[in-house]
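Below: the structure, in structure tokens.
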Amino acid sequence: MVHFHFRNILLLLLYLQFGSATTCIAAQWSIPLAGNAFRTSPELGDSNVGRDMLTWKGAAEVYSIYFHIDREAEIELSILASVPKGHSKIKFRVGDQTFKKELEGIDFREHQIGRIKIETPGYCRVEIQGVDKSGEFFAEIKDLIVSPKSEDVKLDFVRSDEGGMFYWGRRGPSVHLRLDVPEDRQFEFAYSEISVAAGYDPIGSYFMANGFAEGYFGIQVNSEKERRVLFSVWSPYKTDNPKEIPLEQRIVTLAQGPEVHVGEFGNEGSGGQSYLRYPWKAGATYRFLTQVKPDDNGNTIYAAWFSEANTKQWRLIAKFRRPSTSTYLKGFHSFLENFDPIHGHLERRAFYSNQWVRDVNGEWYECVSSHFSVDPTGKDRHRLDYSGGADRGRFYLRNGGFFIKTVNPGAIFVRDSTSNQKPQLDIQSLP
């Protein structure tokens with residue numbers, strides 16, 4: 001058990017008063033492995049990272065714990081751990097330093113690891129690997145304990161599981177671009193392009209190109225062998241269970257392209273979902289076209305087409321009807337997210353370019369500025385590995401990987417114009 005002294009009680013009172021542990025002077029930080037550890041070798045996985053602790057028995061398995069430190073500092077590392085049976089030897093690596101420690105005892109207590117010096121502010125990675133054991137498991141570890149020698153050091157990490165934050169924190173921050181469009185027009189079509197950076201497309205990535213107020217359209221990585229083009233529209237009925245949606249409030253499929261699967265989705269609102277299994281590749285550029293148009297009967301029609309940039313051929317993904325809705329295109333945006341916590345420590349990076357909207361009179365308008373935002377995982381400083389910006393004629397988004405540089409939410413990005421690449425589309429000939 002952890003014993004609280006007067007100093008710790010004072011820090012707790014400050015935390016309750018000001019709301020965030022990272023704003024307090026602290027002598028010791030307890031980093032829960034359940035929200036901050038990943039199996040990083042020999043293969044990725046999370047079966048041994050539970051809601052309360054890490055416990056494992058494979059000698060080849062390496063687990064990495066990440067935390068962010070705001071300055072150069074000397075720190076003492078220890079762990080809150082128990083050994084269910086027998087005794088174990090465990091190896092810890094931080095940069096080029098290695099510590100080996102003997103552990104035993106079925107009660108949870110603090111075990112010292114050693115002292116390290118942080119030379120550069122940013123993310124610190126602590127690796128754990130079992131060396132030898134007499135019981136079935138190497139250890140049960142709840143917390144990595146960091147004790148800076150200087151009291152003004154501040155750490156950021158996933159602090160608790162409140163609101164399911166261990167899950168969301170291990171997924172990592174989602175980043176978004178809200179594209180600026182003229183305010184005095186009604187827009188029917190949105191067009192954009194994406195190129196995913198080679199090597200930055202791990203499993204769990206969703207590179208969303210054309211977002212709108214009622215849905216989203218982009219490409220994702222579902223497994224080592226499967227990739228998809230995904231187009232979804234939310235039902236106006238608010239629920240996370242699609243089976244609860246009344247019949248008259250459900251998304252209706254009006255058309256779908258060849259080999260496109262159409263169904264339902266839930267757990268993040270509910271609605272109609274369509275996807276095409278398609279072997280898109282990092283480094284190549286893909287085009288996305290979305291139509292949003294009221295049908296004059298109290299509904300709105302949504303359609304999505306997909307194409308490789310070096311061809312003129314477009315593929316219909318799906319056409320949906322959303323009831324109780326009468327709108328043109330609203331809230332044009334893009335985003336980048338990871339939906340698989342096993343791969344939440346890996347970086348994703350993509351370029352978003354050549355964004356245009358087409359009004360009801362057939363005129364195209366280029367979108368060269370955007371507003372950057374991040375979800376609560378980043379905004380509340382559970383994870384700080386997020387960024388975005390403009391690179392000549394493209395916007396870019398990054399997340400995951402525990403890199404150092406971040407961008408303030410609300411930042412405005414302006415890219416160079418690509419007016420010479422205005423979409424040349426025959427809308428009437430689209431499939």
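The chains in the structure tokens are called A, B, ... from first to last as shown; in each chain the residues are counted from 1, and the ligands are counted from 1 in the order shown.
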Would you mind listing, for every residue of region 105-194 of chain A within 7 Å of region 345-363 of chain A, the two atoms forming the shortest contact and the distance between them in Å to one decimal, using only C-alpha atoms, sorted by chain and ascending residue number, as CSV?
```
residue,atom,partner,partner_atom,distance
A:Arg185,CA,A:Asp359,CA,6.5
A:Gln186,CA,A:Asp359,CA,5.5
A:Phe187,CA,A:Asp359,CA,3.9
A:Glu188,CA,A:Asp359,CA,5.5
A:Phe189,CA,A:Arg358,CA,5.0
A:Ala190,CA,A:Val357,CA,4.5
A:Tyr191,CA,A:Trp356,CA,5.1
A:Ser192,CA,A:Gln355,CA,4.3
A:Glu193,CA,A:Ser353,CA,5.2
A:Ile194,CA,A:Tyr352,CA,4.8
```
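Residues in contact with Arg159 (chain A) at 10 Å, where only C-alpha atoms are counted and same-chain residues fewer than 3 positions away are skipped, are listed as Ser20, Ala21, Thr22, Trp29, Ser30, Ile31, Pro32, Leu33, Ala34, Gly35, Asn36, Asp156, Glu162, Met165, Phe166, Gly169, Arg381 and His382 of chain A.
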Those same residues - N, CA and C atoms - I'd like them written as a short mmCIF file (atom, residue, chain, number, x, y, z; two decimals), in the first residue's frame.
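The new file again.cif reads:
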```cif
data_model
loop_
_atom_site.label_atom_id
_atom_site.label_comp_id
_atom_site.auth_asym_id
_atom_site.auth_seq_id
_atom_site.Cartn_x
_atom_site.Cartn_y
_atom_site.Cartn_z
N SER A 20 -6.08 19.74 -11.92
CA SER A 20 -5.18 18.90 -12.69
C SER A 20 -3.90 18.66 -11.93
N ALA A 21 -3.51 17.39 -11.86
CA ALA A 21 -2.30 17.05 -11.13
C ALA A 21 -1.08 17.69 -11.76
N THR A 22 -1.14 17.97 -13.06
CA THR A 22 0.03 18.52 -13.73
C THR A 22 0.26 19.97 -13.40
N TRP A 29 5.37 11.00 -8.73
CA TRP A 29 4.31 10.79 -9.71
C TRP A 29 4.11 9.29 -9.88
N SER A 30 2.88 8.82 -9.76
CA SER A 30 2.55 7.41 -9.96
C SER A 30 1.86 7.25 -11.31
N ILE A 31 2.50 6.55 -12.21
CA ILE A 31 2.02 6.39 -13.58
C ILE A 31 1.41 5.01 -13.73
N PRO A 32 0.09 4.89 -13.87
CA PRO A 32 -0.54 3.56 -13.97
C PRO A 32 -0.20 2.88 -15.29
N LEU A 33 0.30 1.66 -15.22
CA LEU A 33 0.67 0.95 -16.44
C LEU A 33 -0.55 0.61 -17.28
N ALA A 34 -1.71 0.48 -16.65
CA ALA A 34 -2.92 0.11 -17.39
C ALA A 34 -3.26 1.11 -18.48
N GLY A 35 -2.85 2.36 -18.32
CA GLY A 35 -3.17 3.37 -19.33
C GLY A 35 -1.98 3.91 -20.08
N ASN A 36 -0.76 3.45 -19.72
CA ASN A 36 0.44 4.06 -20.29
C ASN A 36 1.47 3.06 -20.79
N ASP A 156 3.28 14.62 -17.66
CA ASP A 156 1.98 14.38 -18.26
C ASP A 156 1.89 12.93 -18.70
N GLU A 162 -10.87 7.22 -15.26
CA GLU A 162 -12.14 7.94 -15.24
C GLU A 162 -12.62 8.22 -16.66
N MET A 165 -10.63 6.37 -19.59
CA MET A 165 -9.48 7.05 -20.17
C MET A 165 -8.31 6.13 -20.45
N PHE A 166 -8.20 4.99 -19.77
CA PHE A 166 -7.11 4.07 -20.11
C PHE A 166 -7.26 3.59 -21.56
N GLY A 169 -6.77 6.77 -23.81
CA GLY A 169 -5.39 7.21 -23.75
C GLY A 169 -4.46 6.30 -24.52
N ARG A 381 -4.34 16.85 -21.94
CA ARG A 381 -2.94 16.52 -21.69
C ARG A 381 -2.73 15.08 -21.20
N HIS A 382 -3.62 14.16 -21.56
CA HIS A 382 -3.35 12.76 -21.32
C HIS A 382 -2.25 12.27 -22.26
#
```
For Ala209 (chain A), which residue among A:Glu337, A:Glu244, A:Glu264, A:Glu127 is the nearest when counting only C-alpha atoms?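 Between A:Glu337, A:Glu244, A:Glu264, A:Glu127, the residue approaching Ala209 (chain A) most closely is A:Glu337.
Distances here use only C-alpha atoms; by that measure, the residue among A:Asp70, A:Asp96, A:Asp416, A:Glu140 closest to Ala390 (chain A) is A:Asp416.
Backbone DSSP of region 148-272 of chain A yields alpha helix (DSSP H) at Met165, Phe166, Tyr167, Trp168, Gly169, Arg170 and Arg171 of chain A.
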Excluding region 213-229 of chain A and any residue of its chain fewer than 4 positions from it, enumerate the residues within 9 Å of it, using only C-alpha atoms, and give them as an NGL selection string. :A and (194 or 201-209 or 233-236 or 274-280 or 288-290 or 304 or 306 or 317 or 322 or 329-334)
Do you know which residues are at most 8 Å from Gln28 (chain A) counting only C-alpha atoms, after dropping those on the same chain fewer than 5 positions away, and could you put them as a list in words? Ile145, Val146, Ser147 and Pro148 of chain A
Would you output that residue set with N, CA and C atoms, as a PDB file, in the first residue's frame?
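The file below, selection.pdb, is the result:
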```
ATOM      1  N   ILE A 145       6.712   4.629 -10.669  1.00  0.00           N
ATOM      2  CA  ILE A 145       6.781   5.788  -9.781  1.00  0.00           C
ATOM      3  C   ILE A 145       7.994   6.621 -10.159  1.00  0.00           C
ATOM      4  N   VAL A 146       7.758   7.887 -10.455  1.00  0.00           N
ATOM      5  CA  VAL A 146       8.806   8.819 -10.874  1.00  0.00           C
ATOM      6  C   VAL A 146       8.969   9.877  -9.793  1.00  0.00           C
ATOM      7  N   SER A 147      10.175  10.005  -9.268  1.00  0.00           N
ATOM      8  CA  SER A 147      10.467  10.968  -8.205  1.00  0.00           C
ATOM      9  C   SER A 147      11.555  11.920  -8.676  1.00  0.00           C
ATOM     10  N   PRO A 148      11.171  13.101  -9.201  1.00  0.00           N
ATOM     11  CA  PRO A 148      12.185  14.072  -9.630  1.00  0.00           C
ATOM     12  C   PRO A 148      12.915  14.661  -8.429  1.00  0.00           C
TER      13      PRO A 148
END
```
